[in-house]
Amino acid sequence: MPFEYVYVPLLHTVVAGVAKGSGWGAARAYHVVTGVGYCLGPVALYVLARTMAAGPMAAMTAGLLYSVFSPSLLFMADVRADSGTLFAGRRLRVMTVFGEGPHVMGMTLATVALAGFYRCLAELKSGTTKLGSNMAWAAIGLALAIMTNTPATLMLVVALLCLFFSLPDISFGRQVVRAGVVAVWGYAIACWAVPPSYLKMVFRNLGATHTGFAAGGWRWGLLLGLLLLLYGLGRLLKHLPLYLRFGLLYCMFLLTVSPGADSGKFELLPEAGRFHLELELAVCLVIAGVFAQAYDQLSRPKRMMAMGVCLASLGLLIGSLLIRVKFDLIPAQLESQSEFQSARWLADHGSEWQGRVFAPGSNSFWLNAFTDLPQVTGCCDQGRSSEMPGRLAAVVNLAETSEQRERAILWLKAFGVGAVIAPGAKSTEEYKDFRRAEKFKGMLPVLHEGAGDILYQVPNTAPGLVQILNADQQLEVPFDSPEFYLKLERYVAGSGDVAPTVTWKNSHAMNIDAVLKPGQIVNVKISNVPGWRATVGGKRIPIVRDALDYMTVKPDCNGACEIRLEWSSPVPVWVTGLASVIAILLCLLKIRV
């Protein structure tokens with residue numbers, strides 16, 4: 001998988017910089033950076049409310065509520081059950097327990113970007129049409145959000161639509177045009193780090209990785225109907241303060257989309273359940289607005305009474321949050337986790353097996369945090385370049401009968417797997433999607449048992465990245481073809497010739513030295529994504545995609561053959577780099593603090 005497809009890079013780049021500059025370990029640097037992003041979330045909400053003309057009390061109330069209260073626990077039973085109490089800090093839990101640091105940081109940046117967008121749109125009232133300081137700040141905010149987290153960026157788009165609907169006195173078309181200019185400007189800043197090929201990959205994977213969203217045939221009509229409803233409400237509620245009007249529309253959208261979303265059955269937006277964090281921001285803004293409006297209508301004695309009740313409630317919320325924090329911030333004991341123990345055993349006993357690791361569930365997320373071992377799957381699905389590793393996981397995880405297990409082993413060999421982590425009932429592996437850890441006993445050698453896992457060896461004639469095939473061994477038939485497994489057996493067997501020597505020149509180029517007979521081909525177990533180029537003696541040779549989405553190179557050699565395989569971005573890096581530099585320079589020219 002090319003590096004640019006792995007994840008949007010800003011947070012991790014900042015973490016690396018902090019670790020390098022401070023001398024801290026990567027884990028501590030990550031905790032500090034994401035902790036700062038978490039703490040600045042309520043500050044960003046305060047800034048947004050004040051930008052939208054909220055008074056100090058309303059803005060401060062919104063920020064305080066967002067700090068200590070999680071309204072999603074009121075609306076979502078599954079979230080409430082996971083948190084264990086009605087008064088837990090959901091943002092803190094998903095950041096610490098579920099690793100949602102990028103999402104939490106992205107929300108903070110998206111909230112600031114939304115404030116910048118509003119200032120741009122407000123300029124339309126005065127007839128301003130030129131690129132100015134407000135547009136530059138909004139573009140920078142958008143770029144930072146894009147480079148930090150994709151779900152937070154999606155919710156920024158939704159929030160922007162709700163903002164459009166909240167400004168009935170400004171032409172909707174003019175708002176869209178101005179926001180579109182800022183969007184192009186912001187993406188131009190970010191496009192070197194988040195190139196078009198990454199966005200194409202994410203959109204291509206929507207159906208495969210979000211089955212509930214893909215299965216919803218009515219979703220576009222329902223979404224359109226919801227947006228039209230919000231458009232009308234924005235006009236009906238125009239007597240309300242802007243921040244409250246916006247909060248109500250945003251809240252209504254998220255209450256429709258997030259509670260009840262089922263990633264496997266139906267969603268109006270991809271991973272809609274994750275947006276309960278944005279729902280909390282909207283609800284806190286609404287509660288603060290309603291409180292501020294009611295407070296202004298009270299007499300002085302009643303104001304004092306209301307303030308006392310609010311302060312007492314705030315104290316109870318803070319106390320409850322602090323109690324729950326003790327559970328969510330318990331330091332992880334890595335040595336006791338099966339993911340850690342299995343990963344380290346495989347790394348320490350590399351001489352006993354060869355090839356890649358098949359690591360199911362949460363093992364796939366952690367394996368490369370603890371080791372440099374190559375694996376078949378990993379994080380994250382939105383950037384995966386092929387659906388075939390997912391099919392491999394289904395075949396292996398769900399295998400039950402003798403025939404299914406034999407076929408699963410054949411798939412493992414085809415993917416160059418040399419070791420399998422099989423989580424058992426006592427394993428700390430999170431998802432438990434691997435059925436019966438002991439099912440391969442007697443069929444595969446057992447390398448190790450411990451911490452609830454069984455580690456199997458997969459004996460393989462070609463456990464590396466590259467193998468030589470005879471022309472008739474090329475795997476061309478689809479996996480659902482009746483003859484697929486007969487072809488797969490021949491594919492796995494290979495030619496029997498000496499394996500090629502692979503030398504990586506850098507992270508995106510390798511040399512393959514092989515001795516080939518006429519008509520033989522070279523199979524490379526790397527996904528055939530756009531950008532790969534193969535040459536022999538400087539002459540370009542064809543690359544063919546096989547049924548596993550791997551590359552098959554046809555060098556037409558007789559004897560010693562050196563193949564150069566190199567990847568470069570479909571959009572040249574200098575193009576996206578130049579676009580980013582120009583966009584940043586334009587910001588510097590226009591910005592006024």
# chains A, B, ... in the order shown; residues from 1 in each chain; ligands from 1

$ residues_around --residues "stretch 309-315 of chain A" --least-positions-apart "2" --cutoff "12 Å" --atoms "only C-alpha atoms" --output "count of residues only"
24

$ residues_around --residues "stretch 223-238 of chain A" --least-positions-apart "6" --cutoff "6 Å" --atoms "only C-alpha atoms" --output "MDAnalysis selection string"
chainID A and resid 165:166 168

$ write_last_selection --atoms "C-alpha atoms" --output "PDB file, in the first residue's frame"
ATOM      1  CA  PHE A 165     -29.677  27.391   6.056  1.00  0.00           C
ATOM      2  CA  SER A 166     -29.241  29.568   9.149  1.00  0.00           C
ATOM      3  CA  PRO A 168     -31.798  33.286   5.152  1.00  0.00           C
TER       4      PRO A 168
END

$ residues_around --residues "A:Ala122" --least-positions-apart "5" --cutoff "9 Å" --atoms "only C-alpha atoms" --output "JSON list (two decimals) with C-alpha atoms, in the first residue's frame"
[["chain", "number", "residue", "atom", "x", "y", "z"],
["A", 117, "PHE", "CA", -16.40, 30.20, 7.21],
["A", 167, "LEU", "CA", -28.54, 32.68, 7.06],
["A", 170, "ILE", "CA", -27.93, 36.01, 2.45]]

$ closest_residue --among "A:His276, A:Arg407, A:Lys265, A:Lys20" --to "A:His103" --atoms "only C-alpha atoms"
A:His276

$ residues_around --residues "A:Ala16" --least-positions-apart "3" --cutoff "9 Å" --atoms "only C-alpha atoms" --output "PyMOL selection string"
chain A and resi 11-13+19-21+26+29-30

$ select_by_dssp --residues "stretch 140-284 of chain A" --states "helix (DSSP H, G or I)" --output "PyMOL selection string"
chain A and resi 140-146+150-165+172-190+196-204+206-209+211-214+219-236+242-257+272-284

$ residues_around --residues "A:Asn511" --least-positions-apart "3" --cutoff "8 Å" --atoms "only C-alpha atoms" --output "PyMOL selection string"
chain A and resi 502-505+562-565

$ closest_residue --among "A:Glu489, A:Asp453, A:Asp497, A:Glu278" --to "A:Glu406" --atoms "only C-alpha atoms"
A:Glu489

$ select_by_dssp --residues "stretch 317-544 of chain A" --states "strand (DSSP E)" --output "PDB file with N, CA and C atoms, in the first residue's frame"
ATOM      1  N   ARG A 356       4.654 -13.244   5.663  1.00  0.00           N
ATOM      2  CA  ARG A 356       3.829 -12.236   6.317  1.00  0.00           C
ATOM      3  C   ARG A 356       3.066 -12.847   7.487  1.00  0.00           C
ATOM      4  N   VAL A 357       2.469 -11.970   8.284  1.00  0.00           N
ATOM      5  CA  VAL A 357       1.640 -12.400   9.404  1.00  0.00           C
ATOM      6  C   VAL A 357       0.181 -12.153   9.049  1.00  0.00           C
ATOM      7  N   PHE A 358      -0.669 -13.137   9.311  1.00  0.00           N
ATOM      8  CA  PHE A 358      -2.119 -12.916   9.261  1.00  0.00           C
ATOM      9  C   PHE A 358      -2.548 -12.610  10.685  1.00  0.00           C
ATOM     10  N   VAL A 417       1.571 -15.686   3.390  1.00  0.00           N
ATOM     11  CA  VAL A 417       1.528 -15.696   4.856  1.00  0.00           C
ATOM     12  C   VAL A 417       2.420 -16.812   5.388  1.00  0.00           C
ATOM     13  N   GLY A 418       3.200 -16.491   6.416  1.00  0.00           N
ATOM     14  CA  GLY A 418       4.053 -17.480   7.054  1.00  0.00           C
ATOM     15  C   GLY A 418       3.662 -17.789   8.476  1.00  0.00           C
ATOM     16  N   ALA A 419       2.851 -16.915   9.095  1.00  0.00           N
ATOM     17  CA  ALA A 419       2.417 -17.121  10.480  1.00  0.00           C
ATOM     18  C   ALA A 419       1.016 -16.570  10.657  1.00  0.00           C
ATOM     19  N   VAL A 420       0.230 -17.261  11.475  1.00  0.00           N
ATOM     20  CA  VAL A 420      -1.151 -16.864  11.760  1.00  0.00           C
ATOM     21  C   VAL A 420      -1.308 -16.671  13.256  1.00  0.00           C
ATOM     22  N   ILE A 421      -1.891 -15.536  13.647  1.00  0.00           N
ATOM     23  CA  ILE A 421      -2.285 -15.320  15.039  1.00  0.00           C
ATOM     24  C   ILE A 421      -3.747 -15.728  15.161  1.00  0.00           C
ATOM     25  N   ALA A 422      -4.029 -16.756  15.972  1.00  0.00           N
ATOM     26  CA  ALA A 422      -5.402 -17.241  16.150  1.00  0.00           C
ATOM     27  C   ALA A 422      -5.860 -16.908  17.565  1.00  0.00           C
ATOM     28  N   PRO A 423      -6.664 -15.864  17.760  1.00  0.00           N
ATOM     29  CA  PRO A 423      -7.102 -15.473  19.103  1.00  0.00           C
ATOM     30  C   PRO A 423      -8.124 -16.470  19.659  1.00  0.00           C
ATOM     31  N   VAL A 446       2.069 -25.784  15.092  1.00  0.00           N
ATOM     32  CA  VAL A 446       1.876 -24.771  16.134  1.00  0.00           C
ATOM     33  C   VAL A 446       3.231 -24.211  16.542  1.00  0.00           C
ATOM     34  N   LEU A 447       3.377 -22.905  16.407  1.00  0.00           N
ATOM     35  CA  LEU A 447       4.622 -22.248  16.800  1.00  0.00           C
ATOM     36  C   LEU A 447       4.660 -21.970  18.299  1.00  0.00           C
ATOM     37  N   HIS A 448       3.500 -21.534  18.836  1.00  0.00           N
ATOM     38  CA  HIS A 448       3.489 -21.069  20.223  1.00  0.00           C
ATOM     39  C   HIS A 448       2.042 -20.957  20.687  1.00  0.00           C
ATOM     40  N   GLU A 449       1.824 -21.193  21.979  1.00  0.00           N
ATOM     41  CA  GLU A 449       0.526 -20.944  22.604  1.00  0.00           C
ATOM     42  C   GLU A 449       0.763 -20.123  23.857  1.00  0.00           C
ATOM     43  N   GLY A 450      -0.039 -19.069  24.015  1.00  0.00           N
ATOM     44  CA  GLY A 450       0.101 -18.226  25.194  1.00  0.00           C
ATOM     45  C   GLY A 450      -0.794 -17.017  25.124  1.00  0.00           C
ATOM     46  N   ASP A 453      -3.786 -16.936  22.818  1.00  0.00           N
ATOM     47  CA  ASP A 453      -3.594 -17.036  21.363  1.00  0.00           C
ATOM     48  C   ASP A 453      -2.856 -18.326  21.009  1.00  0.00           C
ATOM     49  N   ILE A 454      -3.133 -18.801  19.797  1.00  0.00           N
ATOM     50  CA  ILE A 454      -2.342 -19.875  19.203  1.00  0.00           C
ATOM     51  C   ILE A 454      -1.669 -19.300  17.959  1.00  0.00           C
ATOM     52  N   LEU A 455      -0.358 -19.480  17.861  1.00  0.00           N
ATOM     53  CA  LEU A 455       0.387 -18.997  16.699  1.00  0.00           C
ATOM     54  C   LEU A 455       0.741 -20.195  15.830  1.00  0.00           C
ATOM     55  N   TYR A 456       0.277 -20.139  14.583  1.00  0.00           N
ATOM     56  CA  TYR A 456       0.529 -21.226  13.647  1.00  0.00           C
ATOM     57  C   TYR A 456       1.586 -20.817  12.627  1.00  0.00           C
ATOM     58  N   GLN A 457       2.340 -21.801  12.181  1.00  0.00           N
ATOM     59  CA  GLN A 457       3.234 -21.603  11.039  1.00  0.00           C
ATOM     60  C   GLN A 457       2.496 -22.057   9.779  1.00  0.00           C
ATOM     61  N   VAL A 466       7.883 -12.181  -3.731  1.00  0.00           N
ATOM     62  CA  VAL A 466       8.028 -12.433  -5.161  1.00  0.00           C
ATOM     63  C   VAL A 466       8.210 -13.933  -5.409  1.00  0.00           C
ATOM     64  N   GLN A 467       7.527 -14.466  -6.418  1.00  0.00           N
ATOM     65  CA  GLN A 467       7.752 -15.843  -6.824  1.00  0.00           C
ATOM     66  C   GLN A 467       7.697 -15.940  -8.353  1.00  0.00           C
ATOM     67  N   ILE A 468       8.370 -16.951  -8.864  1.00  0.00           N
ATOM     68  CA  ILE A 468       8.389 -17.189 -10.303  1.00  0.00           C
ATOM     69  C   ILE A 468       7.266 -18.161 -10.658  1.00  0.00           C
ATOM     70  N   LEU A 469       6.521 -17.852 -11.704  1.00  0.00           N
ATOM     71  CA  LEU A 469       5.437 -18.702 -12.179  1.00  0.00           C
ATOM     72  C   LEU A 469       5.679 -19.073 -13.632  1.00  0.00           C
ATOM     73  N   THR A 501      15.826 -12.677  -5.878  1.00  0.00           N
ATOM     74  CA  THR A 501      16.388 -11.827  -4.830  1.00  0.00           C
ATOM     75  C   THR A 501      15.760 -10.446  -4.941  1.00  0.00           C
ATOM     76  N   VAL A 502      15.208  -9.976  -3.831  1.00  0.00           N
ATOM     77  CA  VAL A 502      14.532  -8.671  -3.812  1.00  0.00           C
ATOM     78  C   VAL A 502      15.368  -7.685  -3.007  1.00  0.00           C
ATOM     79  N   THR A 503      15.663  -6.550  -3.606  1.00  0.00           N
ATOM     80  CA  THR A 503      16.433  -5.500  -2.932  1.00  0.00           C
ATOM     81  C   THR A 503      15.646  -4.196  -2.999  1.00  0.00           C
ATOM     82  N   TRP A 504      15.254  -3.700  -1.828  1.00  0.00           N
ATOM     83  CA  TRP A 504      14.547  -2.422  -1.789  1.00  0.00           C
ATOM     84  C   TRP A 504      15.565  -1.286  -1.886  1.00  0.00           C
ATOM     85  N   LYS A 505      15.391  -0.420  -2.875  1.00  0.00           N
ATOM     86  CA  LYS A 505      16.270   0.736  -3.041  1.00  0.00           C
ATOM     87  C   LYS A 505      15.846   1.896  -2.146  1.00  0.00           C
ATOM     88  N   ASN A 506      14.565   2.025  -1.953  1.00  0.00           N
ATOM     89  CA  ASN A 506      13.982   3.007  -1.043  1.00  0.00           C
ATOM     90  C   ASN A 506      12.565   2.537  -0.747  1.00  0.00           C
ATOM     91  N   ALA A 509      10.719   1.740  -4.329  1.00  0.00           N
ATOM     92  CA  ALA A 509      11.381   1.137  -5.488  1.00  0.00           C
ATOM     93  C   ALA A 509      12.145  -0.109  -5.067  1.00  0.00           C
ATOM     94  N   MET A 510      12.076  -1.152  -5.894  1.00  0.00           N
ATOM     95  CA  MET A 510      12.799  -2.393  -5.614  1.00  0.00           C
ATOM     96  C   MET A 510      13.417  -2.933  -6.893  1.00  0.00           C
ATOM     97  N   ASN A 511      14.491  -3.693  -6.715  1.00  0.00           N
ATOM     98  CA  ASN A 511      15.083  -4.465  -7.799  1.00  0.00           C
ATOM     99  C   ASN A 511      14.801  -5.939  -7.554  1.00  0.00           C
ATOM    100  N   ILE A 512      14.388  -6.652  -8.592  1.00  0.00           N
ATOM    101  CA  ILE A 512      14.131  -8.085  -8.516  1.00  0.00           C
ATOM    102  C   ILE A 512      15.121  -8.780  -9.443  1.00  0.00           C
ATOM    103  N   ASP A 513      16.005  -9.585  -8.850  1.00  0.00           N
ATOM    104  CA  ASP A 513      16.996 -10.335  -9.634  1.00  0.00           C
ATOM    105  C   ASP A 513      16.565 -11.793  -9.690  1.00  0.00           C
ATOM    106  N   ALA A 514      16.312 -12.294 -10.901  1.00  0.00           N
ATOM    107  CA  ALA A 514      15.808 -13.655 -11.065  1.00  0.00           C
ATOM    108  C   ALA A 514      16.472 -14.306 -12.275  1.00  0.00           C
ATOM    109  N   VAL A 515      16.483 -15.629 -12.258  1.00  0.00           N
ATOM    110  CA  VAL A 515      16.919 -16.404 -13.420  1.00  0.00           C
ATOM    111  C   VAL A 515      15.666 -17.038 -14.013  1.00  0.00           C
ATOM    112  N   LEU A 516      15.285 -16.603 -15.217  1.00  0.00           N
ATOM    113  CA  LEU A 516      14.008 -16.997 -15.808  1.00  0.00           C
ATOM    114  C   LEU A 516      14.210 -17.822 -17.072  1.00  0.00           C
ATOM    115  N   ILE A 521       6.916 -15.871 -15.836  1.00  0.00           N
ATOM    116  CA  ILE A 521       6.484 -14.560 -15.363  1.00  0.00           C
ATOM    117  C   ILE A 521       6.829 -14.425 -13.886  1.00  0.00           C
ATOM    118  N   VAL A 522       6.774 -13.195 -13.390  1.00  0.00           N
ATOM    119  CA  VAL A 522       7.132 -12.924 -12.001  1.00  0.00           C
ATOM    120  C   VAL A 522       5.910 -12.345 -11.293  1.00  0.00           C
ATOM    121  N   ASN A 523       5.508 -13.020 -10.223  1.00  0.00           N
ATOM    122  CA  ASN A 523       4.363 -12.573  -9.432  1.00  0.00           C
ATOM    123  C   ASN A 523       4.854 -11.795  -8.214  1.00  0.00           C
ATOM    124  N   VAL A 524       4.334 -10.585  -8.031  1.00  0.00           N
ATOM    125  CA  VAL A 524       4.736  -9.712  -6.923  1.00  0.00           C
ATOM    126  C   VAL A 524       3.517  -9.505  -6.033  1.00  0.00           C
ATOM    127  N   LYS A 525       3.614  -9.914  -4.773  1.00  0.00           N
ATOM    128  CA  LYS A 525       2.468  -9.888  -3.858  1.00  0.00           C
ATOM    129  C   LYS A 525       2.297  -8.500  -3.232  1.00  0.00           C
ATOM    130  N   ILE A 526       2.121  -7.527  -4.116  1.00  0.00           N
ATOM    131  CA  ILE A 526       1.825  -6.147  -3.747  1.00  0.00           C
ATOM    132  C   ILE A 526       0.647  -5.716  -4.611  1.00  0.00           C
ATOM    133  N   SER A 527      -0.315  -5.029  -4.011  1.00  0.00           N
ATOM    134  CA  SER A 527      -1.515  -4.639  -4.756  1.00  0.00           C
ATOM    135  C   SER A 527      -1.160  -3.784  -5.969  1.00  0.00           C
ATOM    136  N   TRP A 532       2.401   2.131 -10.323  1.00  0.00           N
ATOM    137  CA  TRP A 532       3.520   1.196 -10.431  1.00  0.00           C
ATOM    138  C   TRP A 532       4.038   1.140 -11.864  1.00  0.00           C
ATOM    139  N   ARG A 533       5.350   1.033 -11.993  1.00  0.00           N
ATOM    140  CA  ARG A 533       6.000   0.987 -13.303  1.00  0.00           C
ATOM    141  C   ARG A 533       7.118  -0.048 -13.243  1.00  0.00           C
ATOM    142  N   ALA A 534       7.153  -0.963 -14.204  1.00  0.00           N
ATOM    143  CA  ALA A 534       8.175  -2.011 -14.246  1.00  0.00           C
ATOM    144  C   ALA A 534       9.036  -1.831 -15.489  1.00  0.00           C
ATOM    145  N   THR A 535      10.352  -2.016 -15.316  1.00  0.00           N
ATOM    146  CA  THR A 535      11.275  -1.901 -16.448  1.00  0.00           C
ATOM    147  C   THR A 535      12.327  -3.009 -16.362  1.00  0.00           C
ATOM    148  N   VAL A 536      12.828  -3.399 -17.526  1.00  0.00           N
ATOM    149  CA  VAL A 536      13.972  -4.310 -17.638  1.00  0.00           C
ATOM    150  C   VAL A 536      14.967  -3.644 -18.568  1.00  0.00           C
ATOM    151  N   LYS A 539      13.757  -0.553 -20.317  1.00  0.00           N
ATOM    152  CA  LYS A 539      12.587  -0.680 -21.195  1.00  0.00           C
ATOM    153  C   LYS A 539      11.371  -1.069 -20.364  1.00  0.00           C
ATOM    154  N   ARG A 540      10.286  -0.342 -20.556  1.00  0.00           N
ATOM    155  CA  ARG A 540       9.073  -0.605 -19.774  1.00  0.00           C
ATOM    156  C   ARG A 540       8.439  -1.924 -20.201  1.00  0.00           C
ATOM    157  N   ILE A 541       7.980  -2.705 -19.207  1.00  0.00           N
ATOM    158  CA  ILE A 541       7.318  -3.980 -19.479  1.00  0.00           C
ATOM    159  C   ILE A 541       5.940  -3.967 -18.836  1.00  0.00           C
ATOM    160  N   ILE A 543       2.559  -4.742 -16.654  1.00  0.00           N
ATOM    161  CA  ILE A 543       2.144  -5.247 -15.346  1.00  0.00           C
ATOM    162  C   ILE A 543       0.676  -5.630 -15.456  1.00  0.00           C
ATOM    163  N   VAL A 544       0.360  -6.863 -15.078  1.00  0.00           N
ATOM    164  CA  VAL A 544      -1.014  -7.366 -15.170  1.00  0.00           C
ATOM    165  C   VAL A 544      -1.537  -7.631 -13.758  1.00  0.00           C
TER     166      VAL A 544
END

$ atom_distance --atom1 "atom CA of A:Gly361" --atom2 "atom CA of A:Leu475"
27.9 Å
